[in-house]
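Visitor: Have a look at the structure that comes next, please.
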Amino acid sequence: MRIVEPWIKVEKIDGKKIMKKIEKACRTCYRSEGNITEDSYKNLLKNCITRGHESVLEHEKITVRVYCDVGSYKDLTRHRFASFSVESTRYCSYDKDKYGNEIAFINPVYIEDKETYNIWKDTMENIEKAYVNMRKLGATVDICREVLPHSTAGEYVMTANIREWKHILSLRTTKHVHPSIRQVMIPLLKYFKEEMPEIFEEIEYDEEFNPKYYAKISIEDEI
């Protein structure tokens, strides 16, 4: 059994370039392309968002790669206007060399009570033993996955347009959301706030959520 930490990789973006492309598309509606200046996108996007004219944000998209628990991406895949490619527990046989002959579980660091954490850990160990024993008895991966819990680690790629990211992050970074989702979504929101403040600065998130729980975020040329 491996206890691992979540992470998120984001394709390298140029926030200003993205926003200027959105501005150019938006100005088509009024044929006001002649009003474009170096910083004209700032007021235009703020006005669009204030008035609820956010369809222009759909012209650009961003892709991320996330490693987290199964429970998290079960919630995130409920967002209809995003595309997902998810590690399949139907086809990934965790008793094989490819996976280190063991199951990886995301570390629930937000479980701070030691006794509670130890119960979780013992349970994961028993689940792995059951999974391996079922495979030895000839059970298919389809059958064995029935014992896998929400804590099972999995990787997925997620793509959404800017408008949908704005919607997702406004919902999935609040204190009402499961901590395992806040772990990955808050760091992503903070990155988007830095790159595209005119679009994401208004989104509030759970600032009381301890930053030590944040998933590691890395910016990649390719993901």
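Following the order of the structure tokens, chains are lettered A, B, ..., residues in each are numbered from 1, and ligands are numbered from 1.
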Just list the residues in region 64-220 of chain A DSSP gives strand (DSSP E) on the backbone, as JSON, numbers by chain.
Guide: {"A": [64, 65, 66, 67, 68, 69, 82, 83, 84, 85, 86, 104, 105, 106, 153, 154, 155, 156, 157, 158, 159, 160, 161, 216, 217, 218, 219, 220]}
Visitor: Got time to write the residues from that selection, N, CA and C atoms, as an mmCIF file, in the first residue's frame?
Guide:
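Wrote it out as selection-v9.cif, contents follow:
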data_model
loop_
_atom_site.group_PDB
_atom_site.id
_atom_site.type_symbol
_atom_site.label_atom_id
_atom_site.label_comp_id
_atom_site.auth_asym_id
_atom_site.auth_seq_id
_atom_site.Cartn_x
_atom_site.Cartn_y
_atom_site.Cartn_z
ATOM 1 N N VAL A 64 -6.044 20.882 -17.471
ATOM 2 C CA VAL A 64 -5.250 20.540 -16.290
ATOM 3 C C VAL A 64 -5.172 19.028 -16.160
ATOM 4 N N ARG A 65 -4.124 18.559 -15.492
ATOM 5 C CA ARG A 65 -3.987 17.139 -15.161
ATOM 6 C C ARG A 65 -3.925 17.039 -13.638
ATOM 7 N N VAL A 66 -4.775 16.196 -13.074
ATOM 8 C CA VAL A 66 -4.918 16.129 -11.622
ATOM 9 C C VAL A 66 -4.707 14.702 -11.117
ATOM 10 N N TYR A 67 -4.051 14.597 -9.982
ATOM 11 C CA TYR A 67 -3.885 13.316 -9.288
ATOM 12 C C TYR A 67 -4.502 13.486 -7.913
ATOM 13 N N CYS A 68 -5.620 12.823 -7.693
ATOM 14 C CA CYS A 68 -6.329 12.989 -6.418
ATOM 15 C C CYS A 68 -7.152 11.742 -6.148
ATOM 16 N N ASP A 69 -8.026 11.817 -5.165
ATOM 17 C CA ASP A 69 -8.823 10.649 -4.817
ATOM 18 C C ASP A 69 -10.033 10.497 -5.732
ATOM 19 N N ALA A 82 -17.499 20.379 -19.394
ATOM 20 C CA ALA A 82 -16.066 20.126 -19.296
ATOM 21 C C ALA A 82 -15.818 18.722 -19.844
ATOM 22 N N SER A 83 -14.600 18.483 -20.285
ATOM 23 C CA SER A 83 -14.241 17.173 -20.825
ATOM 24 C C SER A 83 -13.259 16.481 -19.881
ATOM 25 N N PHE A 84 -13.455 15.178 -19.688
ATOM 26 C CA PHE A 84 -12.643 14.420 -18.752
ATOM 27 C C PHE A 84 -12.107 13.144 -19.389
ATOM 28 N N SER A 85 -10.859 12.831 -19.107
ATOM 29 C CA SER A 85 -10.280 11.524 -19.407
ATOM 30 C C SER A 85 -9.750 11.000 -18.077
ATOM 31 N N VAL A 86 -10.364 9.925 -17.582
ATOM 32 C CA VAL A 86 -10.154 9.500 -16.201
ATOM 33 C C VAL A 86 -9.542 8.103 -16.131
ATOM 34 N N ALA A 104 -2.523 2.680 -4.486
ATOM 35 C CA ALA A 104 -2.160 3.991 -3.940
ATOM 36 C C ALA A 104 -3.412 4.671 -3.403
ATOM 37 N N PHE A 105 -3.300 5.212 -2.205
ATOM 38 C CA PHE A 105 -4.406 5.938 -1.584
ATOM 39 C C PHE A 105 -3.947 7.368 -1.301
ATOM 40 N N ILE A 106 -4.827 8.323 -1.589
ATOM 41 C CA ILE A 106 -4.499 9.726 -1.312
ATOM 42 C C ILE A 106 -4.522 9.971 0.196
ATOM 43 N N ALA A 153 -6.311 6.539 -5.193
ATOM 44 C CA ALA A 153 -5.689 7.583 -6.011
ATOM 45 C C ALA A 153 -5.951 7.329 -7.484
ATOM 46 N N GLY A 154 -6.177 8.398 -8.219
ATOM 47 C CA GLY A 154 -6.403 8.285 -9.653
ATOM 48 C C GLY A 154 -6.007 9.556 -10.368
ATOM 49 N N GLU A 155 -5.674 9.416 -11.627
ATOM 50 C CA GLU A 155 -5.230 10.551 -12.429
ATOM 51 C C GLU A 155 -6.271 10.853 -13.502
ATOM 52 N N TYR A 156 -6.467 12.126 -13.782
ATOM 53 C CA TYR A 156 -7.390 12.491 -14.853
ATOM 54 C C TYR A 156 -6.979 13.804 -15.493
ATOM 55 N N VAL A 157 -7.423 13.974 -16.724
ATOM 56 C CA VAL A 157 -7.206 15.210 -17.465
ATOM 57 C C VAL A 157 -8.558 15.886 -17.626
ATOM 58 N N MET A 158 -8.573 17.183 -17.394
ATOM 59 C CA MET A 158 -9.826 17.943 -17.411
ATOM 60 C C MET A 158 -9.640 19.211 -18.235
ATOM 61 N N THR A 159 -10.540 19.426 -19.167
ATOM 62 C CA THR A 159 -10.504 20.617 -20.012
ATOM 63 C C THR A 159 -11.838 21.346 -19.931
ATOM 64 N N ALA A 160 -11.778 22.658 -19.795
ATOM 65 C CA ALA A 160 -13.001 23.460 -19.768
ATOM 66 C C ALA A 160 -12.698 24.845 -20.330
ATOM 67 N N ASN A 161 -13.737 25.491 -20.853
ATOM 68 C CA ASN A 161 -13.530 26.863 -21.306
ATOM 69 C C ASN A 161 -13.488 27.795 -20.097
ATOM 70 N N LYS A 216 0.233 20.192 -4.416
ATOM 71 C CA LYS A 216 1.325 20.851 -5.142
ATOM 72 C C LYS A 216 0.854 21.158 -6.561
ATOM 73 N N ILE A 217 1.062 22.397 -7.003
ATOM 74 C CA ILE A 217 0.680 22.788 -8.353
ATOM 75 C C ILE A 217 1.939 23.106 -9.143
ATOM 76 N N SER A 218 2.006 22.599 -10.358
ATOM 77 C CA SER A 218 3.149 22.871 -11.217
ATOM 78 C C SER A 218 2.659 23.323 -12.586
ATOM 79 N N ILE A 219 3.408 24.217 -13.198
ATOM 80 C CA ILE A 219 3.058 24.763 -14.500
ATOM 81 C C ILE A 219 3.922 24.069 -15.546
ATOM 82 N N GLU A 220 3.288 23.426 -16.517
ATOM 83 C CA GLU A 220 3.996 22.584 -17.468
ATOM 84 C C GLU A 220 3.803 23.086 -18.900
#
Visitor: Write out as number ranges by chain the residues lying within 9 Å of Tyr205 (chain A), counting only C-alpha atoms and excluding same-chain residues fewer than 4 positions away.
Guide: A: 169-175, 182, 186, 189, 209
Visitor: So, with only C-alpha atoms as the atoms that count, which of A:Asn118, A:Ser93, A:Gln183, A:Ser88 lies closest to Tyr213 (chain A)?
Guide: A:Gln183
Visitor: Using only C-alpha atoms, pick whichever of A:Lys190, A:Arg145, A:His176, A:Lys21 has the shortest atom-to-atom distance to Val70 (chain A).
Guide: A:Arg145
Visitor: Would you please work out which residue, of A:Trp7, A:Trp165, A:Tyr117, A:Tyr99, is nearest to Lys61 (chain A) when using only C-alpha atoms?
Guide: A:Trp165
Visitor: With distances taken over only C-alpha atoms, which residue among A:Leu45, A:Val132, A:Ile127, A:Ile162 lies nearest Glu58 (chain A)?
Guide: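 Using only C-alpha atoms, the shortest distance to Glu58 (chain A) belongs to A:Ile162.
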Visitor: If we count only C-alpha atoms and set the cut-off at 10 Å, which residues sit around Tyr94 (chain A), ignoring sequence neighbours fewer than 5 positions away in its own chain? Please answer as a tab-separated table (two decimals) with N, CA and C atoms, in the first residue's frame.
Guide:
chain	number	residue	atom	x	y	z
A	89	THR	N	-10.69	2.33	-13.15
A	89	THR	CA	-10.49	1.22	-12.23
A	89	THR	C	-11.01	-0.09	-12.82
A	99	TYR	N	1.84	-0.89	-11.62
A	99	TYR	CA	1.33	-0.06	-10.52
A	99	TYR	C	2.06	-0.35	-9.21
A	100	GLY	N	3.21	-1.04	-9.32
A	100	GLY	CA	4.00	-1.33	-8.13
A	100	GLY	C	3.42	-2.45	-7.29
A	101	ASN	N	2.49	-3.21	-7.87
A	101	ASN	CA	1.84	-4.33	-7.16
A	101	ASN	C	1.16	-3.89	-5.87
A	102	GLU	N	0.65	-2.68	-5.89
A	102	GLU	CA	-0.03	-2.16	-4.70
A	102	GLU	C	-1.00	-1.06	-5.09
A	103	ILE	N	-1.90	-0.76	-4.18
A	103	ILE	CA	-2.88	0.30	-4.41
A	103	ILE	C	-2.38	1.58	-3.77
A	104	ALA	N	-2.52	2.68	-4.49
A	104	ALA	CA	-2.16	3.99	-3.94
A	104	ALA	C	-3.41	4.67	-3.40
A	128	GLU	N	-6.71	-3.26	0.49
A	128	GLU	CA	-5.69	-3.72	-0.46
A	128	GLU	C	-5.53	-5.23	-0.38
A	131	TYR	N	-8.41	-6.85	-2.17
A	131	TYR	CA	-8.28	-6.67	-3.62
A	131	TYR	C	-7.30	-7.70	-4.19
A	132	VAL	N	-6.13	-7.80	-3.57
A	132	VAL	CA	-5.09	-8.73	-4.05
A	132	VAL	C	-5.57	-10.18	-3.94
A	135	ARG	N	-8.00	-11.01	-6.68
A	135	ARG	CA	-7.31	-11.21	-7.95
A	135	ARG	C	-6.67	-12.60	-8.00
A	141	VAL	N	-10.75	-7.56	-12.85
A	141	VAL	CA	-10.58	-6.20	-12.32
A	141	VAL	C	-11.94	-5.54	-12.13
A	144	CYS	N	-13.07	-6.76	-8.80
A	144	CYS	CA	-12.23	-6.31	-7.68
A	144	CYS	C	-12.41	-4.83	-7.37
A	145	ARG	N	-12.74	-4.04	-8.37
A	145	ARG	CA	-12.88	-2.61	-8.11
A	145	ARG	C	-14.05	-2.29	-7.18
Visitor: For Ile8 (chain A), which residue out of A:Asn107, A:Asn210, A:Thr63, A:Thr152 is the nearest one, using only C-alpha atoms?
Guide: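 Ranking A:Asn107, A:Asn210, A:Thr63, A:Thr152 by distance to Ile8 (chain A), first place goes to A:Thr63.
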Visitor: Got a sec: who's within 12 Å of Asn35 (chain A), counting only C-alpha atoms, leaving out chain neighbours fewer than 4 positions off, as number ranges by chain?
Guide: A: 23-24, 26-28, 30-31, 39-41, 43-44
Visitor: A:Ala215, A:Pro149, A:His53, A:Asp113: which is nearest Asn126 (chain A), counting only C-alpha atoms?
Guide: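 Closest candidate: A:Pro149.
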Visitor: Region 5-150 of chain A: which residues are helix (DSSP H, G or I) by DSSP, as a PyMOL selection string?
Guide: chain A and resi 15-27+33-35+40-50+54-59+70-76+97-99+114-136+141-147
